[in-house]
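What follows is a single structure, written as C-alpha coordinates, with notes after it.
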Amino acid sequence: PADSEAEKEDLIAEFTEQINNLDLTGGAASRSSADLSNAKNSLAETEMLIRDALGYTETADALVAKLHAKAEALQDTMDRYPDFYPTIGEVNSPFGYRRHPITGETKLHSGQDIGSGTGTPIWAAAKGTVSYVGYEDGYGYHICIDHGNGLSTKYAHLSEMLVSVGDEVGKGDLIARMGATGRVTGPHLHFEVIRNGECVDPADYIGDFSQQTKKQEHQYDFYGCEGSKPRGRFFCLHRGITPKSADASLFNFFRALTARLLEIPERTTGVPPLT
(Lines give C-alpha, C1' and ligand atoms only; values in the text may rest on other atoms or scores of the structure.)
Protein backbone atom coordinates (compact mmCIF):
# COMPACT_ATOMS: atom_id res chain seq x y z
CA PRO A 1 0.00 0.00 0.00
CA ALA A 2 1.03 3.56 -0.67
CA ASP A 3 0.87 4.48 3.01
CA SER A 4 3.15 1.59 3.90
CA GLU A 5 5.68 2.54 1.24
CA ALA A 6 5.65 6.14 2.41
CA GLU A 7 6.20 5.04 6.00
CA LYS A 8 9.04 2.79 4.92
CA GLU A 9 10.69 5.62 2.99
CA ASP A 10 10.41 7.90 6.03
CA LEU A 11 11.99 5.28 8.28
CA ILE A 12 14.79 4.63 5.79
CA ALA A 13 15.45 8.36 5.60
CA GLU A 14 15.62 8.42 9.39
CA PHE A 15 18.04 5.48 9.36
CA THR A 16 20.24 7.27 6.83
CA GLU A 17 20.30 10.53 8.78
CA GLN A 18 21.26 8.77 12.02
CA ILE A 19 24.06 6.80 10.34
CA ASN A 20 25.41 9.94 8.67
CA ASN A 21 25.48 11.71 12.05
CA LEU A 22 26.93 8.72 13.90
CA ASP A 23 30.13 9.68 15.75
CA LEU A 24 31.70 6.64 17.39
CA THR A 25 35.18 8.10 17.73
CA GLY A 26 34.37 11.33 19.56
CA GLY A 27 36.10 11.63 22.92
CA ALA A 28 38.27 8.61 22.10
CA ALA A 29 41.06 9.75 24.43
CA SER A 30 38.84 9.37 27.50
CA ARG A 31 37.17 6.11 26.45
CA SER A 32 38.30 2.53 27.02
CA SER A 33 39.27 -0.18 24.56
CA ALA A 34 36.36 -2.28 25.84
CA ASP A 35 34.02 0.63 25.19
CA LEU A 36 35.29 1.02 21.62
CA SER A 37 35.00 -2.73 21.06
CA ASN A 38 31.39 -2.61 22.22
CA ALA A 39 30.72 0.15 19.70
CA LYS A 40 32.26 -1.98 16.93
CA ASN A 41 30.09 -4.96 17.91
CA SER A 42 27.03 -2.70 17.86
CA LEU A 43 27.85 -1.67 14.29
CA ALA A 44 27.86 -5.31 13.24
CA GLU A 45 24.55 -5.81 15.03
CA THR A 46 23.08 -2.78 13.28
CA GLU A 47 24.10 -4.24 9.90
CA MET A 48 22.18 -7.42 10.75
CA LEU A 49 19.17 -5.32 11.76
CA ILE A 50 19.26 -3.55 8.39
CA ARG A 51 19.45 -6.86 6.54
CA ASP A 52 16.56 -8.23 8.60
CA ALA A 53 14.43 -5.22 7.72
CA LEU A 54 15.46 -4.55 4.11
CA GLY A 55 17.21 -7.71 2.94
CA TYR A 56 19.80 -7.48 0.16
CA THR A 57 18.23 -4.58 -1.69
CA GLU A 58 20.07 -1.57 -3.10
CA THR A 59 18.72 0.54 -0.25
CA ALA A 60 20.11 -1.89 2.32
CA ASP A 61 23.45 -2.08 0.49
CA ALA A 62 23.76 1.71 0.60
CA LEU A 63 23.07 1.82 4.35
CA VAL A 64 25.50 -1.02 5.01
CA ALA A 65 28.19 0.76 2.96
CA LYS A 66 27.79 3.81 5.22
CA LEU A 67 28.13 1.58 8.28
CA HIS A 68 31.30 0.01 6.87
CA ALA A 69 32.84 3.46 6.45
CA LYS A 70 32.04 4.20 10.11
CA ALA A 71 33.49 0.82 11.10
CA GLU A 72 36.77 1.58 9.30
CA ALA A 73 37.11 4.88 11.13
CA LEU A 74 36.32 3.15 14.42
CA GLN A 75 38.93 0.45 13.76
CA ASP A 76 41.58 3.10 13.15
CA THR A 77 40.64 4.73 16.46
CA MET A 78 40.92 1.36 18.21
CA ASP A 79 44.33 0.77 16.63
CA ARG A 80 45.47 4.16 17.96
CA TYR A 81 44.23 3.48 21.50
CA PRO A 82 47.25 2.68 23.78
CA ASP A 83 46.05 -0.50 25.49
CA PHE A 84 48.80 -2.89 24.34
CA TYR A 85 50.99 -3.88 27.29
CA PRO A 86 54.36 -2.56 26.08
CA THR A 87 56.85 -5.05 27.53
CA ILE A 88 57.44 -8.06 29.80
CA GLY A 89 57.89 -7.46 33.51
CA GLU A 90 56.31 -6.48 36.80
CA VAL A 91 55.22 -2.98 37.70
CA ASN A 92 57.58 -1.91 40.47
CA SER A 93 56.48 1.72 40.68
CA PRO A 94 52.94 2.80 39.65
CA PHE A 95 51.68 6.23 38.62
CA GLY A 96 51.21 8.72 41.46
CA TYR A 97 53.03 10.62 44.19
CA ARG A 98 56.08 8.87 45.62
CA ARG A 99 59.46 9.48 47.22
CA HIS A 100 62.00 9.56 44.40
CA PRO A 101 64.40 6.60 44.82
CA ILE A 102 67.46 8.75 44.03
CA THR A 103 66.72 12.31 45.20
CA GLY A 104 64.37 11.43 48.06
CA GLU A 105 62.02 14.19 46.93
CA THR A 106 58.27 13.54 47.06
CA LYS A 107 56.75 14.30 43.67
CA LEU A 108 54.37 12.97 41.05
CA HIS A 109 55.64 9.89 39.24
CA SER A 110 54.27 10.63 35.79
CA GLY A 111 54.23 7.07 34.48
CA GLN A 112 54.53 3.41 35.33
CA ASP A 113 57.85 1.61 35.84
CA ILE A 114 57.94 -1.96 34.54
CA GLY A 115 61.07 -3.83 35.59
CA SER A 116 62.88 -6.60 33.73
CA GLY A 117 66.29 -7.26 32.19
CA THR A 118 68.30 -5.13 29.82
CA GLY A 119 67.36 -5.98 26.24
CA THR A 120 63.75 -6.96 26.97
CA PRO A 121 61.56 -6.02 23.96
CA ILE A 122 59.54 -2.81 24.08
CA TRP A 123 56.43 -2.69 21.89
CA ALA A 124 54.32 0.24 20.73
CA ALA A 125 51.17 0.50 22.85
CA ALA A 126 49.20 1.70 19.81
CA LYS A 127 49.42 2.71 16.18
CA GLY A 128 50.96 6.13 15.60
CA THR A 129 53.81 8.32 14.38
CA VAL A 130 57.14 8.49 16.17
CA SER A 131 57.47 12.12 17.28
CA TYR A 132 60.70 12.00 19.34
CA VAL A 133 63.80 9.83 19.56
CA GLY A 134 66.62 11.08 21.75
CA TYR A 135 68.31 11.45 25.13
CA GLU A 136 67.63 13.52 28.25
CA ASP A 137 69.37 13.28 31.62
CA GLY A 138 66.30 12.09 33.50
CA TYR A 139 64.63 9.87 30.90
CA GLY A 140 67.82 8.65 29.27
CA TYR A 141 67.25 7.31 25.78
CA HIS A 142 63.54 7.51 25.09
CA ILE A 143 60.88 7.48 22.38
CA CYS A 144 57.59 9.35 22.06
CA ILE A 145 54.73 8.25 19.79
CA ASP A 146 51.80 10.44 18.74
CA HIS A 147 48.64 8.34 18.36
CA GLY A 148 46.28 11.15 17.40
CA ASN A 149 42.97 11.81 19.16
CA GLY A 150 44.86 13.68 21.87
CA LEU A 151 46.87 10.62 22.96
CA SER A 152 50.61 9.97 22.99
CA THR A 153 52.97 7.60 24.81
CA LYS A 154 56.55 7.77 26.09
CA TYR A 155 59.04 4.89 26.54
CA ALA A 156 62.11 5.79 28.63
CA HIS A 157 65.46 4.42 29.94
CA LEU A 158 66.05 2.42 26.75
CA SER A 159 69.22 0.55 25.84
CA GLU A 160 68.41 0.46 22.13
CA MET A 161 66.03 2.49 19.95
CA LEU A 162 64.82 0.81 16.78
CA VAL A 163 62.74 3.58 15.18
CA SER A 164 63.29 7.10 13.88
CA VAL A 165 61.27 10.32 14.04
CA GLY A 166 58.52 10.20 11.42
CA ASP A 167 58.24 6.42 11.35
CA GLU A 168 54.72 4.99 11.31
CA VAL A 169 54.33 2.13 13.78
CA GLY A 170 51.52 -0.31 14.43
CA LYS A 171 50.12 -1.51 17.73
CA GLY A 172 52.50 -4.19 19.00
CA ASP A 173 55.44 -3.25 16.76
CA LEU A 174 58.89 -3.68 18.29
CA ILE A 175 60.32 -0.18 18.82
CA ALA A 176 63.10 -0.51 21.40
CA ARG A 177 64.83 -2.57 24.08
CA MET A 178 64.77 -2.04 27.82
CA GLY A 179 67.77 -0.49 29.51
CA ALA A 180 69.03 1.60 32.41
CA THR A 181 69.94 4.90 30.76
CA GLY A 182 69.25 8.22 32.44
CA ARG A 183 68.52 8.62 36.16
CA VAL A 184 67.68 5.08 37.29
CA THR A 185 68.56 2.47 39.91
CA GLY A 186 68.24 -0.48 37.52
CA PRO A 187 66.89 -1.60 34.14
CA HIS A 188 63.20 -0.92 33.58
CA LEU A 189 60.73 0.73 31.22
CA HIS A 190 59.25 4.03 32.33
CA PHE A 191 55.98 4.17 30.39
CA GLU A 192 53.78 7.25 30.15
CA VAL A 193 50.38 7.93 28.62
CA ILE A 194 49.75 11.59 27.80
CA ARG A 195 46.16 12.66 27.22
CA ASN A 196 45.52 16.15 25.85
CA GLY A 197 48.92 17.28 27.10
CA GLU A 198 48.68 15.83 30.63
CA CYS A 199 50.17 12.62 32.00
CA VAL A 200 47.51 10.16 33.16
CA ASP A 201 47.65 6.78 34.87
CA PRO A 202 48.78 4.14 32.33
CA ALA A 203 46.91 1.50 34.35
CA ASP A 204 43.68 3.01 33.01
CA TYR A 205 44.85 1.95 29.54
CA ILE A 206 47.08 -1.13 29.90
CA GLY A 207 45.50 -2.48 33.09
CA ASP A 208 45.80 -2.71 36.85
CA PHE A 209 48.81 -3.58 38.98
CA SER A 210 46.85 -6.59 40.32
CA GLN A 211 46.40 -7.94 36.78
CA GLN A 212 50.04 -7.82 35.74
CA THR A 213 51.04 -11.42 36.58
CA LYS A 214 48.15 -12.84 34.55
CA LYS A 215 48.94 -10.50 31.67
CA GLN A 216 52.62 -11.37 31.66
CA GLU A 217 51.86 -15.10 31.48
CA HIS A 218 49.41 -14.42 28.64
CA GLN A 219 51.97 -12.43 26.70
CA TYR A 220 54.73 -14.99 27.15
CA ASP A 221 52.43 -17.71 25.85
CA PHE A 222 50.68 -15.73 23.13
CA TYR A 223 53.42 -13.46 21.78
CA GLY A 224 56.77 -14.74 22.99
CA CYS A 225 59.49 -12.48 24.34
CA GLU A 226 61.57 -12.10 21.20
CA GLY A 227 61.02 -11.33 17.53
CA SER A 228 60.33 -8.24 15.48
CA LYS A 229 56.64 -8.22 16.38
CA PRO A 230 54.35 -10.08 18.77
CA ARG A 231 52.23 -12.73 17.12
CA GLY A 232 48.96 -11.04 17.94
CA ARG A 233 47.32 -8.22 19.88
CA PHE A 234 46.56 -8.00 23.57
CA PHE A 235 43.56 -5.99 24.70
CA CYS A 236 43.55 -5.59 28.47
CA LEU A 237 40.66 -5.88 30.88
CA HIS A 238 39.34 -2.68 32.37
CA ARG A 239 37.59 -1.96 35.65
CA GLY A 240 33.89 -1.18 35.63
CA ILE A 241 33.64 -0.48 31.92
CA THR A 242 30.19 -0.09 30.42
CA PRO A 243 29.23 0.84 26.85
CA LYS A 244 29.12 4.58 26.24
CA SER A 245 25.56 5.64 27.03
CA ALA A 246 25.21 7.74 23.89
CA ASP A 247 26.18 4.76 21.73
CA ALA A 248 23.82 2.44 23.58
CA SER A 249 20.93 4.87 23.16
CA LEU A 250 21.63 5.25 19.46
CA PHE A 251 21.71 1.53 18.78
CA ASN A 252 18.52 1.08 20.79
CA PHE A 253 17.05 3.66 18.40
CA PHE A 254 18.23 1.56 15.43
CA ARG A 255 16.58 -1.50 16.95
CA ALA A 256 13.31 0.40 17.36
CA LEU A 257 13.44 1.60 13.74
CA THR A 258 14.01 -1.95 12.55
CA ALA A 259 11.05 -3.22 14.56
CA ARG A 260 8.85 -0.58 12.92
CA LEU A 261 10.13 -1.53 9.46
CA LEU A 262 9.38 -5.19 10.12
CA GLU A 263 5.80 -4.30 11.02
CA ILE A 264 5.18 -2.74 7.60
CA PRO A 265 3.29 -5.17 5.33
CA GLU A 266 4.47 -6.39 1.93
CA ARG A 267 8.11 -5.97 2.75
CA THR A 268 10.56 -7.00 0.02
CA THR A 269 13.69 -8.60 1.48
CA GLY A 270 15.46 -9.60 -1.70
CA VAL A 271 17.74 -12.61 -2.06
CA PRO A 272 21.37 -12.82 -0.84
CA PRO A 273 23.84 -12.95 -3.74
CA LEU A 274 25.52 -16.28 -4.49
CA THR A 275 29.16 -16.48 -3.41
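Every chain in the C-alpha coordinates has a letter given in the order shown (A, B, ...), and although residue numbers restart at 1 in each chain, ligands are simply numbered from 1 in the order shown.
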> Can you tell me, as number ranges by chain, what residues are no more than 7 Å from range 112-127 of chain A when counting only C-alpha atoms, ignoring any on the same chain fewer than 4 positions away?
Replying inline: A: 79-95, 147, 159, 169-179, 187-192, 202, 225-226
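Atom pair CA of Gly186 in chain A / CA of Asp146 in chain A has a distance of 27.2 Å (rounded to one decimal).
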>> Report, in Å with one decimal, the straight-line distance from CA of Asp61 in chain A to CA of Asp35 in chain A.
In response: 27.0 Å
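Going from CA of Ala156 in chain A over to CA of His109 in chain A, you cover 13.1 Å.
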> Which of range 137-200 of chain A counts as strand (DSSP E or B) under DSSP, as a ChimeraX atom specification please?
Replying inline: /A:140-148,151-156,158-161,168-169,174-179,188-195,198-200
>> Taking 5 positions as the minimum chain separation for residues in the same chain, which residues sit within 9 Å of Arg51 in chain A when counting only C-alpha atoms? Answer as a ChimeraX atom specification.
In response: /A:46,56-57,60-61,64,269
>> Please list as a PyMOL selection string every residue within 9 Å of Gly182 in chain A, counting only C-alpha atoms and excluding residues in the same chain fewer than 5 positions away.
In response: chain A and resi 135-141+156-158
